[in-house]
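With PDB, C-alpha atoms inside, this is protein-v4.pdb:
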ATOM      1  CA  MET A 253      -0.661   7.819  -6.202
ATOM      2  CA  TRP A 254      -1.254   4.924  -8.566
ATOM      3  CA  ARG A 255      -3.032   4.371 -11.827
ATOM      4  CA  ALA A 256      -3.999   0.952 -13.079
ATOM      5  CA  ALA A 257      -5.484   0.318 -16.506
ATOM      6  CA  GLY A 258      -7.022  -2.970 -17.542
ATOM      7  CA  ALA A 259     -10.359  -4.630 -18.205
ATOM      8  CA  GLY A 260     -11.818  -1.221 -18.975
ATOM      9  CA  HIS A 261     -10.970   0.339 -15.612
ATOM     10  CA  ARG A 262      -8.580   2.833 -14.147
ATOM     11  CA  GLY A 263      -7.853   3.383 -10.485
ATOM     12  CA  ARG A 264      -6.385   6.267  -8.547
ATOM     13  CA  HIS A 265      -5.079   6.219  -5.027
ATOM     14  CA  ARG A 266      -3.749   9.188  -3.057
ATOM     15  CA  ARG A 267      -1.910   9.482   0.244
ATOM     16  CA  GLY A 268      -5.161  10.228   2.052
ATOM     17  CA  GLY A 269      -6.333   6.679   1.437
ATOM     18  CA  GLY A 270      -9.098   5.825  -0.991
ATOM     19  CA  ILE A 271      -9.693   4.047  -4.288
ATOM     20  CA  PHE A 272     -11.772   5.377  -7.172
ATOM     21  CA  ALA A 273     -12.576   3.270 -10.241
ATOM     22  CA  LEU A 274     -13.526   4.972 -13.508
ATOM     23  CA  ASP A 275     -14.335   3.593 -16.938
ATOM     24  CA  ARG A 276     -11.229   4.078 -19.041
ATOM     25  CA  SER A 277     -13.158   4.884 -22.239
ATOM     26  CA  THR A 278     -15.850   7.223 -20.917
ATOM     27  CA  GLY A 279     -14.536   8.444 -17.575
ATOM     28  CA  GLN A 280     -17.769   7.279 -15.945
ATOM     29  CA  PHE A 281     -17.521   6.784 -12.181
ATOM     30  CA  LEU A 282     -17.902   3.104 -11.239
ATOM     31  CA  TRP A 283     -17.195   2.780  -7.520
ATOM     32  CA  ALA A 284     -15.084   4.114  -4.673
ATOM     33  CA  THR A 285     -14.027   2.928  -1.246
ATOM     34  CA  PRO A 286     -11.858   4.068   1.667
ATOM     35  CA  PHE A 287      -8.528   2.260   1.753
ATOM     36  CA  PRO A 288      -7.135   0.384   3.527
ATOM     37  CA  PHE A 289     -10.034   0.622   6.034
ATOM     38  CA  GLU A 290     -13.098   2.739   6.698
ATOM     39  CA  THR A 291     -12.636   5.128   9.615
ATOM     40  CA  PRO A 292     -14.386   8.245  11.010
ATOM     41  CA  ASN A 293     -10.984   9.957  10.837
ATOM     42  CA  TRP A 294     -10.885   9.665   7.032
ATOM     43  CA  VAL A 295     -10.325  12.876   5.077
ATOM     44  CA  LEU A 296     -13.711  12.431   3.358
ATOM     45  CA  SER A 297     -17.075  12.150   5.096
ATOM     46  CA  ASP A 298     -19.052  10.908   2.097
ATOM     47  CA  ILE A 299     -18.794   9.622  -1.468
ATOM     48  CA  ASP A 300     -21.897   9.750  -3.671
ATOM     49  CA  VAL A 301     -22.164   6.176  -4.979
ATOM     50  CA  LYS A 302     -23.930   7.354  -8.167
ATOM     51  CA  THR A 303     -21.698  10.251  -9.211
ATOM     52  CA  GLY A 304     -18.460   9.842  -7.265
ATOM     53  CA  LYS A 305     -18.823  13.345  -5.789
ATOM     54  CA  THR A 306     -16.885  13.623  -2.546
ATOM     55  CA  THR A 307     -17.537  15.611   0.627
ATOM     56  CA  ILE A 308     -14.661  16.728   2.825
ATOM     57  CA  ASN A 309     -14.753  15.694   6.473
ATOM     58  CA  TRP A 310     -15.265  19.129   8.032
ATOM     59  CA  ASP A 311     -14.855  17.725  11.538
ATOM     60  CA  LEU A 312     -11.159  17.318  10.696
ATOM     61  CA  VAL A 313     -10.673  20.784   9.201
ATOM     62  CA  PHE A 314      -8.601  23.101  11.407
ATOM     63  CA  LYS A 315     -10.729  26.022  12.551
ATOM     64  CA  GLN A 316      -8.798  27.517  15.507
ATOM     65  CA  PRO A 317      -5.102  27.941  16.379
ATOM     66  CA  GLY A 318      -3.797  25.119  18.523
ATOM     67  CA  GLU A 319      -6.339  22.531  17.333
ATOM     68  CA  GLN A 320      -5.304  18.885  17.147
ATOM     69  CA  HIS A 321      -6.721  16.193  14.845
ATOM     70  CA  VAL A 322      -5.827  12.640  13.870
ATOM     71  CA  ILE A 323      -6.365  12.512  10.116
ATOM     72  CA  CYS A 324      -6.395   9.290   8.099
ATOM     73  CA  TYR A 325      -4.689   8.259   6.046
ATOM     74  CA  TRP A 326      -1.033   9.140   5.631
ATOM     75  CA  ASN A 327       1.289   7.570   3.090
ATOM     76  CA  THR A 328      -0.907   4.480   2.934
ATOM     77  CA  ARG A 329       1.089   2.875   0.129
ATOM     78  CA  SER A 330       3.727   5.529  -0.607
ATOM     79  CA  TYR A 331       5.585   5.308  -3.956
ATOM     80  CA  TRP A 332       5.929   1.517  -4.113
ATOM     81  CA  PRO A 333       4.715   0.037  -7.405
ATOM     82  CA  THR A 334       1.429  -1.844  -7.541
ATOM     83  CA  ALA A 335       0.599  -4.734  -9.901
ATOM     84  CA  TYR A 336      -2.412  -5.673 -12.023
ATOM     85  CA  SER A 337      -3.532  -9.184 -13.014
ATOM     86  CA  PRO A 338      -5.949  -9.525 -15.971
ATOM     87  CA  THR A 339      -6.666 -13.092 -14.833
ATOM     88  CA  THR A 340      -8.271 -11.931 -11.587
ATOM     89  CA  ASN A 341      -9.036  -8.371 -12.782
ATOM     90  CA  SER A 342      -7.471  -7.263  -9.524
ATOM     91  CA  LEU A 343      -4.975  -4.683  -8.372
ATOM     92  CA  TYR A 344      -2.354  -5.761  -5.816
ATOM     93  CA  THR A 345      -0.829  -3.249  -3.430
ATOM     94  CA  SER A 346       0.952  -3.080  -0.105
ATOM     95  CA  TYR A 347      -0.322  -0.771   2.630
ATOM     96  CA  VAL A 348       0.475   0.620   6.075
ATOM     97  CA  ASP A 349      -2.495   1.407   8.348
ATOM     98  CA  ASN A 350      -1.140   4.810   9.402
ATOM     99  CA  CYS A 351      -2.595   8.234  10.079
ATOM    100  CA  ARG A 352      -1.231  11.677  10.972
ATOM    101  CA  ASP A 353      -1.614  13.297  14.373
ATOM    102  CA  LEU A 354      -1.466  17.031  13.563
ATOM    103  CA  THR A 355      -1.470  20.074  15.824
ATOM    104  CA  LEU A 356      -1.904  23.591  14.424
ATOM    105  CA  ALA A 357       0.382  26.319  15.735
ATOM    106  CA  GLY A 358      -1.284  28.385  18.447
ATOM    107  CA  PRO A 359      -0.744  30.346  21.650
ATOM    108  CA  ALA A 360       0.842  27.291  23.296
ATOM    109  CA  GLY A 361       3.586  27.128  20.691
ATOM    110  CA  ARG A 362       4.497  25.712  17.321
ATOM    111  CA  GLY A 363       2.428  23.100  15.600
ATOM    112  CA  GLY A 364       3.680  19.736  14.438
ATOM    113  CA  TRP A 365       2.764  16.250  13.333
ATOM    114  CA  LYS A 366       3.667  12.632  13.899
ATOM    115  CA  VAL A 367       2.739   9.308  12.359
ATOM    116  CA  VAL A 368       0.318   7.195  14.429
ATOM    117  CA  PRO A 369      -1.636   3.979  13.831
ATOM    118  CA  ARG A 370      -5.287   4.362  12.896
ATOM    119  CA  PRO A 371      -7.364   4.784  16.094
ATOM    120  CA  GLY A 372      -8.831   1.418  17.051
ATOM    121  CA  SER A 373      -6.571  -0.556  14.722
ATOM    122  CA  ASP A 374      -4.954  -3.864  15.645
ATOM    123  CA  PRO A 375      -1.284  -3.200  16.571
ATOM    124  CA  ASN A 376      -0.384  -6.645  15.243
ATOM    125  CA  ALA A 377      -2.036  -6.023  11.871
ATOM    126  CA  VAL A 378      -0.681  -2.632  10.839
ATOM    127  CA  THR A 379       0.751  -3.749   7.508
ATOM    128  CA  GLY A 380      -0.364  -6.057   4.744
ATOM    129  CA  LEU A 381      -1.010  -6.732   1.094
ATOM    130  CA  ALA A 382      -4.356  -6.259  -0.624
ATOM    131  CA  LYS A 383      -6.024  -7.828  -3.650
ATOM    132  CA  ILE A 384      -8.604  -5.333  -4.924
ATOM    133  CA  ASN A 385     -11.235  -6.564  -7.387
ATOM    134  CA  LEU A 386     -11.564  -3.762  -9.924
ATOM    135  CA  SER A 387     -15.098  -4.755 -10.912
ATOM    136  CA  THR A 388     -16.584  -4.807  -7.424
ATOM    137  CA  GLY A 389     -14.099  -3.124  -5.083
ATOM    138  CA  GLU A 390     -13.928  -6.235  -2.903
ATOM    139  CA  ILE A 391     -10.674  -6.368  -0.910
ATOM    140  CA  VAL A 392      -8.881  -9.548   0.129
ATOM    141  CA  ARG A 393      -6.034  -8.949   2.615
ATOM    142  CA  PHE A 394      -3.051 -11.246   3.025
ATOM    143  CA  ASP A 395       0.459 -11.286   4.511
ATOM    144  CA  VAL A 396      -0.917  -9.161   7.370
ATOM    145  CA  GLY A 397       1.333  -8.281  10.302
ATOM    146  CA  ARG A 398       3.827  -5.690  11.503
ATOM    147  CA  THR A 399       6.487  -5.788   8.798
ATOM    148  CA  PRO A 400       6.108  -3.040   6.186
ATOM    149  CA  GLY A 401       6.997  -3.593   2.572
ATOM    150  CA  ASN A 402       9.407  -1.299   0.794
ATOM    151  CA  GLY A 403       9.326  -3.137  -2.523
ATOM    152  CA  GLY A 404       7.133  -3.350  -5.591
ATOM    153  CA  MET A 405       4.353  -5.856  -6.231
ATOM    154  CA  LEU A 406       4.721  -8.207  -9.197
ATOM    155  CA  ALA A 407       1.908 -10.230 -10.817
ATOM    156  CA  THR A 408       2.769 -12.982 -13.313
ATOM    157  CA  ALA A 409       0.767 -14.756 -16.004
ATOM    158  CA  GLY A 410       1.155 -17.936 -13.935
ATOM    159  CA  ASP A 411      -1.155 -16.443 -11.270
ATOM    160  CA  LEU A 412       1.628 -15.654  -8.815
ATOM    161  CA  ILE A 413       2.184 -12.488  -6.778
ATOM    162  CA  PHE A 414       5.732 -11.663  -5.650
ATOM    163  CA  HIS A 415       6.528  -9.205  -2.877
ATOM    164  CA  GLY A 416       9.367  -8.573  -0.434
ATOM    165  CA  ASP A 417       9.416  -6.782   2.909
ATOM    166  CA  MET A 418      11.877  -4.880   5.088
ATOM    167  CA  ASN A 419      12.483  -7.988   7.173
ATOM    168  CA  ARG A 420      14.312  -9.464   4.121
ATOM    169  CA  ARG A 421      11.522 -11.957   3.327
ATOM    170  CA  PHE A 422      10.814 -12.417  -0.374
ATOM    171  CA  ARG A 423       7.616 -14.367  -0.981
ATOM    172  CA  ALA A 424       5.336 -15.766  -3.661
ATOM    173  CA  PHE A 425       1.554 -15.853  -3.159
ATOM    174  CA  ASP A 426      -1.405 -17.341  -4.983
ATOM    175  CA  ALA A 427      -2.995 -14.525  -6.992
ATOM    176  CA  ALA A 428      -6.550 -15.700  -6.341
ATOM    177  CA  THR A 429      -6.407 -16.459  -2.617
ATOM    178  CA  GLY A 430      -3.315 -14.675  -1.289
ATOM    179  CA  LYS A 431      -2.027 -17.956   0.152
ATOM    180  CA  GLN A 432       1.751 -17.956   0.675
ATOM    181  CA  LEU A 433       3.417 -20.503  -1.595
ATOM    182  CA  TRP A 434       7.148 -19.839  -1.175
ATOM    183  CA  GLU A 435       9.600 -17.789   0.895
ATOM    184  CA  THR A 436      13.296 -17.047   1.005
ATOM    185  CA  ILE A 437      15.420 -14.693   3.128
ATOM    186  CA  LEU A 438      17.667 -12.215   1.328
ATOM    187  CA  GLY A 439      20.615 -10.191   2.586
ATOM    188  CA  GLY A 440      18.884  -6.843   3.037
ATOM    189  CA  ASN A 441      15.789  -4.703   2.719
ATOM    190  CA  ILE A 442      13.867  -5.543  -0.459
ATOM    191  CA  SER A 443      13.685  -2.237  -2.236
ATOM    192  CA  VAL A 444      11.246  -0.869  -4.825
ATOM    193  CA  SER A 445      11.487  -2.845  -8.066
ATOM    194  CA  THR A 446      10.749  -6.516  -8.768
ATOM    195  CA  VAL A 447      10.689  -7.701 -12.394
ATOM    196  CA  THR A 448      10.212 -10.901 -14.361
ATOM    197  CA  TYR A 449      11.680 -11.858 -17.738
ATOM    198  CA  ALA A 450      12.399 -14.925 -19.874
ATOM    199  CA  VAL A 451      15.527 -16.248 -21.611
ATOM    200  CA  ARG A 452      15.218 -19.187 -24.021
ATOM    201  CA  GLY A 453      11.847 -20.110 -22.564
ATOM    202  CA  LYS A 454      13.019 -20.027 -18.946
ATOM    203  CA  GLN A 455      11.324 -17.493 -16.663
ATOM    204  CA  TYR A 456      13.236 -15.529 -14.033
ATOM    205  CA  VAL A 457      12.314 -13.113 -11.251
ATOM    206  CA  ALA A 458      14.808 -10.426 -10.250
ATOM    207  CA  VAL A 459      14.646  -8.345  -7.094
ATOM    208  CA  MET A 460      16.872  -5.622  -5.646
ATOM    209  CA  THR A 461      17.894  -5.077  -2.031
ATOM    210  CA  GLY A 462      19.508  -2.004  -0.524
ATOM    211  CA  ASP A 463      19.104   1.267   1.316
ATOM    212  CA  ASN A 464      16.743   4.085   0.416
ATOM    213  CA  PRO A 465      15.254   7.106   2.244
ATOM    214  CA  LYS A 466      12.258   5.116   3.541
ATOM    215  CA  VAL A 467      14.376   2.597   5.476
ATOM    216  CA  PRO A 468      15.207   4.797   8.518
ATOM    217  CA  GLU A 469      11.679   6.245   8.628
ATOM    218  CA  LEU A 470       9.920   2.882   8.687
ATOM    219  CA  SER A 471      12.587   1.312  10.892
ATOM    220  CA  ALA A 472      11.879   3.976  13.534
ATOM    221  CA  GLU A 473       8.155   3.262  13.321
ATOM    222  CA  PHE A 474       8.658  -0.494  13.740
ATOM    223  CA  PRO A 475      11.617  -0.684  16.169
ATOM    224  CA  GLU A 476      11.373  -4.463  16.615
ATOM    225  CA  MET A 477      12.348  -4.870  12.957
ATOM    226  CA  LYS A 478      16.103  -5.220  12.448
ATOM    227  CA  THR A 479      16.877  -4.188   8.889
ATOM    228  CA  PRO A 480      20.595  -4.448   8.054
ATOM    229  CA  ARG A 481      22.086  -1.521   6.171
ATOM    230  CA  GLY A 482      24.369  -1.553   3.147
ATOM    231  CA  ASN A 483      23.290  -4.875   1.651
ATOM    232  CA  ASN A 484      22.955  -3.580  -1.898
ATOM    233  CA  ALA A 485      22.496  -6.484  -4.317
ATOM    234  CA  ILE A 486      20.374  -7.968  -7.104
ATOM    235  CA  TYR A 487      18.957 -11.473  -6.670
ATOM    236  CA  VAL A 488      17.646 -13.547  -9.578
ATOM    237  CA  PHE A 489      15.484 -16.650  -9.184
ATOM    238  CA  ALA A 490      14.539 -19.176 -11.872
ATOM    239  CA  LEU A 491      10.936 -20.360 -11.857
ATOM    240  CA  PRO A 492      10.245 -24.109 -12.282
TER     241      PRO A 492
END
Since I need it in another form, could you write the structure as structure tokens?
Amino acid sequence: MWRAAGAGHRGRHRRGGGIFALDRSTGQFLWATPFPFETPNWVLSDIDVKTGKTTINWDLVFKQPGEQHVICYWNTRSYWPTAYSPTTNSLYTSYVDNCRDLTLAGPAGRGGWKVVPRPGSDPNAVTGLAKINLSTGEIVRFDVGRTPGNGGMLATAGDLIFHGDMNRRFRAFDAATGKQLWETILGGNISVSTVTYAVRGKQYVAVMTGDNPKVPELSAEFPEMKTPRGNNAIYVFALP
């Protein structure tokens, strides 16, 4: 779940996938959208665009023992920090286009679940970063592919977005367009936090690499990705 405050708005995002924007002062509903994509397998079947009232997708509700449903989404952005830029009035977040394939226990045996891509999704575009305009809900996607991110998003006053992925790539993007501007390869999985700070007028970006509980889970889901283990370190870069 995330909350983002700025320019009079607040957002909330749950594991089921979906973004709701409310006025921070009054609580008035402004807009909502499925996230990262619209799908008939979404947990909701409708959102009233005037009130924000939601309707559960009853086609996906278990009604009999042994039923099976693919329900979207699951762990769309997990616990990884998002970032907000007042310059673009946009929220920046990573995402994985995943759903849950669930089976209820029944006469045939125990139930269970597994993580699956969204039905009909592009297998080469399962992961990505999103720039979400908090005034309109418009979504611009960038850095799309098959390498999930396990690190936080960072927006700077210089209109840069920093993000690192589990393939050890640490990148800078243009905040307005999402265009990649810079890349370096670190020693391990880029994990959770990325921060910026200044010393005597010089700006730095610091990022951490290392193991965490999500590494084996995502590595199993994307077996072509070779993420080295045990490379726990902090990297600091000076900005020009």
*asked:* At a cut-off of 7 Å, using only C-alpha atoms, what residues contact range 290-299 of chain A? Leave out same-chain residues fewer than 5 positions from it and give the result as a PyMOL selection string.
replied: chain A and resi 268+304-309+322-325
Go ahead and fit an axis-aligned box to every listed atom of range 431-448 of chain A plus 4 Å each side, and pass me the centre and edge lengths in Å, one decimal, as JSON.
{"center_x": 9.3, "center_y": -10.7, "center_z": -5.6, "size_x": 30.6, "size_y": 27.6, "size_z": 25.5}
*Can you work out the spacing between CA of Asp374 in chain A and CA of Ala424 in chain A in Å, to one decimal?*
24.9 Å
*Written as a list in words, what is the full residue list that the PyMOL selection byres ((chain A and resi 410) around 10) yields on the file shown?*
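What the PyMOL selection byres ((chain A and resi 410) around 10) grabs from the file is Ser337, Thr339, Ala407, Thr408, Ala409, Asp411, Leu412, Ile413, Asp426 and Ala427 of chain A.
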Per residue of range 416-446 of chain A within 10 Å of range 475-478 of chain A, note the shortest atom pair and the distance in Å to one decimal, counting only C-alpha atoms, and order the rows by chain and increasing residue number, as a Markdown table.
| residue | atom | partner | partner_atom | distance |
| --- | --- | --- | --- | --- |
| A:Met418 | CA | A:Met477 | CA | 7.9 |
| A:Asn419 | CA | A:Met477 | CA | 6.6 |
| A:Arg420 | CA | A:Lys478 | CA | 9.5 |
| A:Gly440 | CA | A:Lys478 | CA | 9.9 |
| A:Asn441 | CA | A:Lys478 | CA | 9.7 |
_At a cut-off of 7 Å around the point (-6.5, -12.5, 0.3) (file coordinates), what residues fall inside when counting all atoms listed in the file? I'd like the answer as a PyMOL selection string._
chain A and resi 382-383+392-394+429-430
*Between CA of Val348 in chain A and CA of Phe425 in chain A, what is the spacing in Å?*
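A separation of 18.9 Å between them.
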*Around (10.6, -5.6, -11.2) in the file's own coordinates, what residues are found within 7 Å if you use all atoms listed in the file, given back as a list in words?*
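The distance filter leaves exactly Gly404, Leu406, Ser445, Thr446, Val447, Thr448, Ala458 and Val459 of chain A.
One distance worth recording is that between CA of Asn402 in chain A and CA of Glu469 in chain A, which is 11.1 Å.
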*asked:* Which residues are near Lys454 in chain A? Cut-off 9 Å, only C-alpha atoms, ignore same chain within fewer than 6 positions. Put them as a ChimeraX atom specification.
replied: /A:490-492
Any chance you could export the current selection's C-alpha atoms as a PDB file, in the coordinates of the input?
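Full text of again_3.pdb as output:
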ATOM      1  CA  ALA A 490      14.539 -19.176 -11.872  1.00  0.00           C
ATOM      2  CA  LEU A 491      10.936 -20.360 -11.857  1.00  0.00           C
ATOM      3  CA  PRO A 492      10.245 -24.109 -12.282  1.00  0.00           C
TER       4      PRO A 492
END
